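Trainee: Sharing a structure here in structure tokens format.
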Amino acid sequence: MKKILFALFALASVVLFASDSRTAEIAKKLYGRIKIVPATDSSAYRVAATSHGEDLRVKIVHSCANSCGLWQIVESGEDFRVQLLNSSYSDAVIRVKFVETGYGYTGF
């Protein structure tokens with residue numbers, strides 16, 4: 001019984017930490033020229049806008065979106081395509097909070 005519980009705990013830990021590292025990886029690289037696309041676009045990152053518990057704090061800029069958390073919203077020539085969902089949507093890859101200062105990866 002102890003071996004089974006240990007194995008389940010180990011498996012759960014691996015799954016949890018693997019998803020956290022994937023979220024961090026996406027949050028750290030998701031900056032630059034961003035195109036907001038409809039939910040039907042399967043090539044886009046699914047991002048939930050939230051007011052707390054965010055993975056990434058995003059500041060919208062008009063140009064020079066060259067570091068983590070800076071997004072320049074564009075219609076074409078994008079670096080990334082993003083489906084922007086509301087905070088209650090559980091299928092999102094990362095959660096973002098739009099800010100004026102203090103942008104970047106939060107580490108949550």
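How things are named: the first chain in the structure tokens is A, the next is B, and so on; residues count from 1 in each chain; ligands count from 1 in the order shown.
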May I have the residues within 8 Å of range 77-93 of chain A as a PyMOL selection string, using only C-alpha atoms and disregarding those fewer than 3 positions away in the same chain?
Mentor: chain A and resi 23+30-39+41+43-51+74
Trainee: Of the residues A:Ile73, A:Val58, A:Cys64, A:Ile26, which is the one nearest to Lys97 in chain A, using only C-alpha atoms?
Mentor: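 Nearest to Lys97 in chain A: A:Val58.
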Trainee: Could you pull out the alpha helix (DSSP H) residues of range 15-61 of chain A, going by DSSP on the backbone, and write them as a list in words?
Mentor: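 Those residues are Val15, Leu16, Phe17, Ala18, Ser19, Asp20, Ser21, Arg22, Thr23, Ala24, Glu25, Ile26, Ala27, Lys28 and Lys29 of chain A.
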Trainee: Please compute the CA of Gly69 in chain A-CA of Tyr105 in chain A distance, one decimal, in Å.
Mentor: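 Going from CA of Gly69 in chain A over to CA of Tyr105 in chain A covers 6.7 Å.
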Trainee: Using only C-alpha atoms, can you tell me which of A:Glu54, A:Gly104, A:Ser76, A:His62 comes closest to Lys29 in chain A?
Mentor: A:Gly104
Trainee: One decimal, in Å: what's the spacing between CA of Thr40 in chain A and CA of Val99 in chain A?
Mentor: 26.9 Å
